[in-house]
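Participant: Can you read through this structure? Questions will come right after.
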Amino acid sequence: MELRALQYFVTVAEELHFGRAARRLSIVQSAVSQQITRLERELGVRLLERTSRRVRLTPAGERVLAAARETLAAAARVRVVAGEPAAVLRIGTAACATWRLDRALDRLRVSERPAEPKLIDLPVTARLAAVHDGELDLALVRGAVASSAMTVVRAWSEPLHAVLAREHPAAGTSAVSLHHLDPRGLRLPARENDPPLHDALLAALPVAPPRPPAGDLSHVLFEVGRDPQGWTLMPAEQLTGSRSERLLHIPLDPPASIDGHIVTSLTTPQPCVASYVAAFAD
């Protein structure tokens with residue numbers, strides 16, 4: 001039994017579509033079908049029910065899927081123990097650098113399994129799709145990610161700050177309550193720009209914003225900067241090093257925070273996931 005056949009089976013089981021699985025594996029569809037057929041013949045069971053309209057796992061396929069994932073993870077652990085040289089670690093993140101990211105890159109380079117990080121700037125939705133498709137090894141995401149097709153682990157927490165125009169009535173305070181900020185002045189980026197972060201910001205608000213979100217973060221900050229009553233919320237680390245003549249950011253009282261998550265493939269070995277989390281942890 002070849003590990004490659006197990007990898008092909010796991011990919012088809014996750015996609016439930018031979019064409020998508022082939023694209024994700026960067027091979028032709030016929031090669032995927034041949035490997036699955038060979039694996040079924042070798043095991044003596046039917047793993048997938050295939051019709052012209054859909055693909056689904058059989059009961060035997062469900063059992064084999066769990067074992068196949070464990071086998072692939074064990075094989076990866078063997079490579080780690082064997083002392084492979086530092087591998088390129090493709091990390092999906094936003095363009096802005098933070099102290100946490102800088103510290104994590106240093107930790108990854110000197111960890112038990114040294115890695116050479118490669119940062120890839122992608123929007124959050126594309127970032128998650130790239131992890132799912134095997135084009136990224138891990139993604140960094142602020143806010144909750146609900147997915148049964150990927151491994152999602154909380155790694156850190158950071159405070160939220162209010163971002164205000166310098167003419168805002170609360171501009172002179174050392175901290176501000178969300179209950180004292182006029183919800184009519186709230187600006188938020190459109191959800192499609194970053195769904196997990198958008199949902200986390202909404203959850204932190206005491207009332208739903210009356211103004212519909214629109215545009216990206218740059219548009220929001222421009223709008224806040226020219227409105228004496230305008231404000232928005234941003235993670236504190238995202239604000240590190242940012243300077244603006246029009247804007248300032250103030251801690252919240254009582255404090256509110258947002259969680260950061262590591263997102264990896266389901267086949268990523270647990271020791272590797274743990275090392276990624278440790279690199280970015282508080």
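Going by the structure tokens order, chains are called A, B, ..., each with residues numbered from 1, while ligands are numbered from 1 in the order shown.
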So that I can check the surroundings of range 265-267 of chain A, please list as a PyMOL selection string every protein, DNA and RNA residue that reaches within 7 Å of it, counting only C-alpha atoms and ignoring chain neighbours fewer than 2 positions away.
Facilitator: chain A and resi 69+72-73+131-132+149-151+269
Participant: If we count only C-alpha atoms and set the cut-off at 12 Å, which residues sit around Arg50 in chain A, ignoring sequence neighbours fewer than 5 positions away in its own chain? Please answer as a PDB file with C-alpha atoms, in the first residue's frame.
Facilitator:
ATOM      1  CA  VAL A  12     -11.096  12.837  -2.775  1.00  0.00           C
ATOM      2  CA  ALA A  13     -12.892  12.178   0.516  1.00  0.00           C
ATOM      3  CA  LEU A  16     -16.179  14.519  -2.736  1.00  0.00           C
ATOM      4  CA  HIS A  17     -15.325  15.325  -6.332  1.00  0.00           C
ATOM      5  CA  PHE A  18     -12.633  13.686  -8.470  1.00  0.00           C
ATOM      6  CA  SER A  33      -9.311   7.350 -10.268  1.00  0.00           C
ATOM      7  CA  ILE A  36      -8.488   4.886  -5.766  1.00  0.00           C
ATOM      8  CA  THR A  37      -9.493   1.792  -7.750  1.00  0.00           C
ATOM      9  CA  VAL A  55     -19.406  11.022  -4.836  1.00  0.00           C
ATOM     10  CA  ARG A  56     -19.845   9.910  -1.247  1.00  0.00           C
ATOM     11  CA  LEU A  57     -18.032   7.745   1.281  1.00  0.00           C
ATOM     12  CA  THR A  58     -19.222   4.256   2.069  1.00  0.00           C
TER      13      THR A  58
END
Participant: Fewer than 3 positions away in the same chain doesn't count, so skip those; otherwise give me all residues within 12 Å of Ser244 in chain A, counting only C-alpha atoms, as a PyMOL selection string.
Facilitator: chain A and resi 163-166+221-222+224-225+239-241+247-249
Participant: Could you write out the selected residues, including C-alpha atoms, as a compact mmCIF listing (two decimals), in the first residue's frame?
Facilitator:
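As a result, again_12.txt now contains:
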# COMPACT_ATOMS: atom_id res chain seq x y z
CA VAL A 163 -9.93 54.15 16.27
CA LEU A 164 -11.22 57.74 16.25
CA ALA A 165 -10.76 60.99 14.43
CA ARG A 166 -8.63 63.43 16.44
CA LEU A 221 -10.16 54.65 8.00
CA PHE A 222 -10.53 57.43 5.45
CA VAL A 224 -13.42 57.81 10.12
CA GLY A 225 -10.67 60.38 9.68
CA LEU A 239 -2.31 49.18 14.73
CA THR A 240 1.31 48.76 15.83
CA GLY A 241 3.55 51.23 14.04
CA LEU A 247 -6.56 59.24 13.55
CA LEU A 248 -5.72 57.95 17.01
CA HIS A 249 -6.51 54.70 18.80
Participant: Tell me, as a ChimeraX atom specification, which residues lie within 12 Å of Ser257 in chain A, counting only C-alpha atoms; anything in the same chain fewer than 3 positions away does not count.
Facilitator: /A:142-143,156-162,197,200-201,203-205,233-237,251-254,260
Participant: Identify which of the residues A:His261, A:Arg246, A:Arg187, A:Arg23 lies closest to Val220 in chain A, counting only C-alpha atoms when measuring atom-to-atom distances.
Facilitator: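 The shortest atom-to-atom distance to Val220 in chain A comes from A:Arg187.
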Participant: Near Ala74 in chain A, within 12 Å and counting only C-alpha atoms, which residues show up once chain neighbours fewer than 6 positions away are dropped, as a list in words?
Facilitator: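 The neighbour list is Leu3, Ala67, Ala68, Val80, Val81, Thr267, Thr268, Pro269, Gln270, Pro271 and Cys272 of chain A.
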Participant: With N, CA and C atoms retained, export the selected residues as a PDB file, in the first residue's frame.
Facilitator:
ATOM      1  N   LEU A   3       1.717   5.339   0.311  1.00  0.00           N
ATOM      2  CA  LEU A   3       1.222   6.546   0.974  1.00  0.00           C
ATOM      3  C   LEU A   3       0.541   7.465  -0.024  1.00  0.00           C
ATOM      4  N   ALA A  67      -8.298   6.201   9.468  1.00  0.00           N
ATOM      5  CA  ALA A  67      -7.023   5.489   9.557  1.00  0.00           C
ATOM      6  C   ALA A  67      -5.999   6.057   8.583  1.00  0.00           C
ATOM      7  N   ALA A  68      -6.451   6.471   7.399  1.00  0.00           N
ATOM      8  CA  ALA A  68      -5.540   7.026   6.403  1.00  0.00           C
ATOM      9  C   ALA A  68      -4.928   8.336   6.898  1.00  0.00           C
ATOM     10  N   VAL A  80      10.041  13.877  10.467  1.00  0.00           N
ATOM     11  CA  VAL A  80      10.522  14.852  11.447  1.00  0.00           C
ATOM     12  C   VAL A  80      11.617  14.245  12.316  1.00  0.00           C
ATOM     13  N   VAL A  81      11.369  13.027  12.835  1.00  0.00           N
ATOM     14  CA  VAL A  81      12.342  12.358  13.698  1.00  0.00           C
ATOM     15  C   VAL A  81      13.636  12.074  12.947  1.00  0.00           C
ATOM     16  N   THR A 267      -4.297  16.922   7.552  1.00  0.00           N
ATOM     17  CA  THR A 267      -3.211  15.938   7.526  1.00  0.00           C
ATOM     18  C   THR A 267      -1.927  16.457   8.168  1.00  0.00           C
ATOM     19  N   THR A 268      -1.908  17.709   8.626  1.00  0.00           N
ATOM     20  CA  THR A 268      -0.716  18.234   9.295  1.00  0.00           C
ATOM     21  C   THR A 268      -0.516  17.494  10.613  1.00  0.00           C
ATOM     22  N   PRO A 269       0.665  16.919  10.848  1.00  0.00           N
ATOM     23  CA  PRO A 269       0.899  16.174  12.103  1.00  0.00           C
ATOM     24  C   PRO A 269       0.689  17.058  13.331  1.00  0.00           C
ATOM     25  N   GLN A 270       0.148  16.459  14.385  1.00  0.00           N
ATOM     26  CA  GLN A 270      -0.139  17.224  15.608  1.00  0.00           C
ATOM     27  C   GLN A 270       1.099  17.905  16.180  1.00  0.00           C
ATOM     28  N   PRO A 271       2.281  17.254  16.175  1.00  0.00           N
ATOM     29  CA  PRO A 271       3.469  17.962  16.688  1.00  0.00           C
ATOM     30  C   PRO A 271       3.784  19.226  15.889  1.00  0.00           C
ATOM     31  N   CYS A 272       3.521  19.194  14.597  1.00  0.00           N
ATOM     32  CA  CYS A 272       3.754  20.390  13.778  1.00  0.00           C
ATOM     33  C   CYS A 272       2.748  21.485  14.136  1.00  0.00           C
TER      34      CYS A 272
END
Participant: May I ask which of the residues A:Thr71, A:Ser275, A:Thr173, A:Ser218 is the closest one to Leu105 in chain A, counting only C-alpha atoms?
Facilitator: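 Of the candidates, the smallest distance to Leu105 in chain A is held by A:Ser275.
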Participant: List every residue of range 47-189 of chain A that DSSP, applied to the backbone of this structure, places in strand (DSSP E), and write the result as number ranges by chain.
Facilitator: A: 48-50, 55-57, 87-93, 115-121, 138-142, 150-165
Participant: Please produce a file of the residues just selected, as a short mmCIF file (atom, residue, chain, number, x, y, z; two decimals), in the first residue's frame, where the atoms kept are N, CA and C atoms.
Facilitator:
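again-v4.cif was written with the following content:
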data_model
loop_
_atom_site.label_atom_id
_atom_site.label_comp_id
_atom_site.auth_asym_id
_atom_site.auth_seq_id
_atom_site.Cartn_x
_atom_site.Cartn_y
_atom_site.Cartn_z
N LEU A 48 -15.73 4.37 -1.99
CA LEU A 48 -16.53 5.50 -2.48
C LEU A 48 -17.66 5.01 -3.35
N GLU A 49 -18.82 5.62 -3.19
CA GLU A 49 -19.93 5.40 -4.11
C GLU A 49 -19.91 6.51 -5.14
N ARG A 50 -19.78 6.14 -6.42
CA ARG A 50 -19.63 7.13 -7.48
C ARG A 50 -20.79 7.01 -8.46
N VAL A 55 -20.34 11.98 -5.44
CA VAL A 55 -19.41 11.02 -4.84
C VAL A 55 -19.63 11.07 -3.33
N ARG A 56 -19.72 9.92 -2.70
CA ARG A 56 -19.84 9.91 -1.25
C ARG A 56 -19.13 8.70 -0.67
N LEU A 57 -18.74 8.82 0.60
CA LEU A 57 -18.03 7.75 1.28
C LEU A 57 -18.98 6.62 1.66
N ALA A 87 12.56 22.93 6.21
CA ALA A 87 11.67 22.99 5.05
C ALA A 87 11.06 24.37 4.95
N VAL A 88 10.69 24.74 3.74
CA VAL A 88 9.99 26.01 3.54
C VAL A 88 8.59 25.88 4.13
N LEU A 89 8.21 26.82 4.96
CA LEU A 89 6.90 26.83 5.60
C LEU A 89 6.11 28.00 5.03
N ARG A 90 5.11 27.69 4.23
CA ARG A 90 4.33 28.73 3.55
C ARG A 90 3.22 29.22 4.48
N ILE A 91 3.32 30.49 4.86
CA ILE A 91 2.40 31.07 5.83
C ILE A 91 1.56 32.14 5.16
N GLY A 92 0.25 31.98 5.20
CA GLY A 92 -0.66 32.98 4.67
C GLY A 92 -0.99 34.01 5.71
N THR A 93 -0.77 35.27 5.40
CA THR A 93 -1.01 36.34 6.36
C THR A 93 -1.36 37.61 5.62
N ALA A 115 12.24 25.54 10.47
CA ALA A 115 11.51 25.83 9.23
C ALA A 115 11.98 27.17 8.70
N GLU A 116 11.95 27.29 7.39
CA GLU A 116 12.28 28.56 6.76
C GLU A 116 10.97 29.19 6.30
N PRO A 117 10.43 30.15 7.07
CA PRO A 117 9.11 30.69 6.75
C PRO A 117 9.13 31.50 5.45
N LYS A 118 8.04 31.36 4.72
CA LYS A 118 7.81 32.16 3.52
C LYS A 118 6.44 32.80 3.65
N LEU A 119 6.39 34.11 3.75
CA LEU A 119 5.12 34.81 3.95
C LEU A 119 4.44 35.06 2.62
N ILE A 120 3.15 34.76 2.58
CA ILE A 120 2.36 34.94 1.36
C ILE A 120 1.15 35.80 1.72
N ASP A 121 1.07 36.96 1.11
CA ASP A 121 0.00 37.93 1.39
C ASP A 121 -1.23 37.56 0.58
N LEU A 138 0.07 26.88 6.47
CA LEU A 138 -0.78 27.38 7.55
C LEU A 138 -1.21 28.80 7.23
N ALA A 139 -2.30 29.20 7.85
CA ALA A 139 -2.82 30.56 7.68
C ALA A 139 -3.06 31.16 9.06
N LEU A 140 -2.89 32.46 9.15
CA LEU A 140 -3.19 33.20 10.37
C LEU A 140 -4.49 33.94 10.18
N VAL A 141 -5.40 33.79 11.14
CA VAL A 141 -6.73 34.39 11.01
C VAL A 141 -7.16 34.95 12.35
N ARG A 142 -7.63 36.18 12.35
CA ARG A 142 -8.24 36.76 13.55
C ARG A 142 -9.74 36.51 13.49
N MET A 150 -10.58 21.58 7.81
CA MET A 150 -9.26 22.04 8.19
C MET A 150 -9.12 22.00 9.71
N THR A 151 -7.88 22.03 10.17
CA THR A 151 -7.60 22.10 11.60
C THR A 151 -7.50 23.57 12.01
N VAL A 152 -8.29 23.97 13.00
CA VAL A 152 -8.30 25.35 13.47
C VAL A 152 -8.00 25.35 14.96
N VAL A 153 -6.93 26.07 15.36
CA VAL A 153 -6.52 26.08 16.76
C VAL A 153 -6.28 27.52 17.20
N ARG A 154 -6.87 27.89 18.35
CA ARG A 154 -6.62 29.22 18.90
C ARG A 154 -5.18 29.31 19.37
N ALA A 155 -4.51 30.41 19.01
CA ALA A 155 -3.09 30.56 19.35
C ALA A 155 -2.81 31.78 20.21
N TRP A 156 -3.58 32.84 20.10
CA TRP A 156 -3.30 34.05 20.87
C TRP A 156 -4.57 34.88 21.02
N SER A 157 -4.47 35.90 21.86
CA SER A 157 -5.55 36.86 22.04
C SER A 157 -4.93 38.25 22.10
N GLU A 158 -5.61 39.22 21.52
CA GLU A 158 -5.09 40.60 21.54
C GLU A 158 -6.25 41.57 21.77
N PRO A 159 -5.98 42.69 22.42
CA PRO A 159 -7.06 43.65 22.73
C PRO A 159 -7.56 44.36 21.48
N LEU A 160 -8.81 44.76 21.55
CA LEU A 160 -9.39 45.63 20.52
C LEU A 160 -9.27 47.07 20.99
N HIS A 161 -8.99 47.98 20.04
CA HIS A 161 -8.94 49.40 20.33
C HIS A 161 -9.95 50.14 19.47
N ALA A 162 -10.43 51.24 19.99
CA ALA A 162 -11.27 52.14 19.20
C ALA A 162 -10.36 53.07 18.40
N VAL A 163 -10.66 53.22 17.13
CA VAL A 163 -9.93 54.15 16.27
C VAL A 163 -10.84 55.33 15.98
N LEU A 164 -10.39 56.55 16.33
CA LEU A 164 -11.22 57.74 16.25
C LEU A 164 -10.51 58.83 15.46
N ALA A 165 -11.33 59.76 14.97
CA ALA A 165 -10.76 60.99 14.43
C ALA A 165 -10.23 61.83 15.60
#
Participant: What is the CA of Ile262 in chain A-CA of His198 in chain A distance in Å, reported with one decimal?
Facilitator: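 Pair CA of Ile262 in chain A / CA of His198 in chain A returns 17.5 Å.
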Participant: Please return, as a ChimeraX atom specification, all residues of range 221-277 of chain A that DSSP assigns to alpha helix (DSSP H) on the basis of the backbone.
Facilitator: /A:221-225,236-239,270-277
Participant: Store the residues picked out above in a file with N, CA and C atoms, as a compact mmCIF listing (two decimals), in the first residue's frame.
Facilitator:
# COMPACT_ATOMS: atom_id res chain seq x y z
N LEU A 221 -11.01 53.71 7.28
CA LEU A 221 -10.16 54.65 8.00
C LEU A 221 -10.23 56.05 7.40
N PHE A 222 -10.36 56.12 6.09
CA PHE A 222 -10.53 57.43 5.45
C PHE A 222 -11.83 58.09 5.90
N GLU A 223 -12.91 57.30 5.95
CA GLU A 223 -14.21 57.82 6.38
C GLU A 223 -14.17 58.27 7.85
N VAL A 224 -13.52 57.45 8.71
CA VAL A 224 -13.42 57.81 10.12
C VAL A 224 -12.62 59.10 10.28
N GLY A 225 -11.55 59.23 9.53
CA GLY A 225 -10.67 60.38 9.68
C GLY A 225 -11.32 61.70 9.32
N ALA A 236 -5.38 45.58 18.35
CA ALA A 236 -4.29 46.47 18.74
C ALA A 236 -3.01 46.19 17.98
N GLU A 237 -2.71 44.91 17.76
CA GLU A 237 -1.46 44.58 17.07
C GLU A 237 -1.48 45.02 15.62
N GLN A 238 -2.64 45.09 15.04
CA GLN A 238 -2.76 45.55 13.66
C GLN A 238 -2.45 47.05 13.57
N LEU A 239 -2.56 47.74 14.69
CA LEU A 239 -2.31 49.18 14.73
C LEU A 239 -0.86 49.52 15.03
N GLN A 270 0.15 16.46 14.38
CA GLN A 270 -0.14 17.22 15.61
C GLN A 270 1.10 17.90 16.18
N PRO A 271 2.28 17.25 16.17
CA PRO A 271 3.47 17.96 16.69
C PRO A 271 3.78 19.23 15.89
N CYS A 272 3.52 19.19 14.60
CA CYS A 272 3.75 20.39 13.78
C CYS A 272 2.75 21.48 14.14
N VAL A 273 1.49 21.10 14.30
CA VAL A 273 0.46 22.08 14.67
C VAL A 273 0.83 22.71 16.01
N ALA A 274 1.27 21.88 16.94
CA ALA A 274 1.64 22.39 18.27
C ALA A 274 2.81 23.37 18.18
N SER A 275 3.76 23.09 17.28
CA SER A 275 4.90 24.01 17.14
C SER A 275 4.48 25.33 16.53
N TYR A 276 3.51 25.29 15.60
CA TYR A 276 3.02 26.53 15.00
C TYR A 276 2.31 27.38 16.07
N VAL A 277 1.47 26.72 16.86
CA VAL A 277 0.74 27.43 17.91
C VAL A 277 1.71 28.03 18.91
Participant: Considering only C-alpha atoms, state which residue in the set A:Pro114, A:Gln35, A:Glu245, A:Asp199 is at the smallest distance from Ala144 in chain A.
Facilitator: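 Counting only C-alpha atoms, the residue closest to Ala144 in chain A is A:Asp199.
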Participant: Pick from A:Val176, A:Pro210, A:Asp227, A:Thr125: nearest to Arg191 in chain A, with only C-alpha atoms counted?
Facilitator: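 When distances to Arg191 in chain A are compared using only C-alpha atoms, the smallest one comes from A:Thr125.
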Participant: For a quick check of understanding, using only C-alpha atoms, which of A:Ser147, A:Gln34, A:Thr232, A:Ser26 has the smallest distance to Glu135 in chain A?
Facilitator: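 Result for the nearest residue to Glu135 in chain A: A:Ser26.
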Participant: In Å, rounded to a single decimal, give me how far CA of Arg103 in chain A is from CA of Phe280 in chain A.
Facilitator: 7.7 Å
Participant: For the atom pair CA of Asp194 in chain A and CA of Val124 in chain A, what is the interatomic distance in Å to one decimal place?
Facilitator: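 These atoms are spaced 5.6 Å apart.
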Participant: Quick one: residues within 9 Å of Pro183 in chain A, only C-alpha atoms counted, chain neighbours fewer than 5 positions away excluded, as a compact mmCIF listing (two decimals) with N, CA and C atoms, in the first residue's frame?
Facilitator:
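Listed below is the output, selection.txt:
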# COMPACT_ATOMS: atom_id res chain seq x y z
N LEU A 178 -17.48 51.23 24.91
CA LEU A 178 -18.28 51.08 23.69
C LEU A 178 -19.69 51.64 23.89
N VAL A 207 -24.52 46.95 20.61
CA VAL A 207 -25.71 47.02 19.75
C VAL A 207 -25.27 46.86 18.31
N ALA A 208 -26.18 46.41 17.47
CA ALA A 208 -25.87 46.24 16.06
C ALA A 208 -25.67 47.61 15.41
N PRO A 209 -24.69 47.75 14.53
CA PRO A 209 -24.46 49.05 13.89
C PRO A 209 -25.60 49.41 12.95
N PRO A 210 -26.08 50.65 12.99
CA PRO A 210 -27.18 51.04 12.10
C PRO A 210 -26.73 51.26 10.67
N ARG A 211 -25.45 51.51 10.47
CA ARG A 211 -24.94 51.80 9.13
C ARG A 211 -24.41 50.51 8.50
N GLY A 230 -17.02 59.85 13.81
CA GLY A 230 -16.76 58.51 13.29
C GLY A 230 -15.79 57.71 14.14
N TRP A 231 -15.93 56.40 14.11
CA TRP A 231 -15.02 55.50 14.82
C TRP A 231 -15.13 54.10 14.26
Participant: Under the rule that only C-alpha atoms are counted, which of A:Ala94, A:Pro169, A:Asp133, A:Val45 is the nearest residue to Ala22 in chain A?
Facilitator: A:Asp133
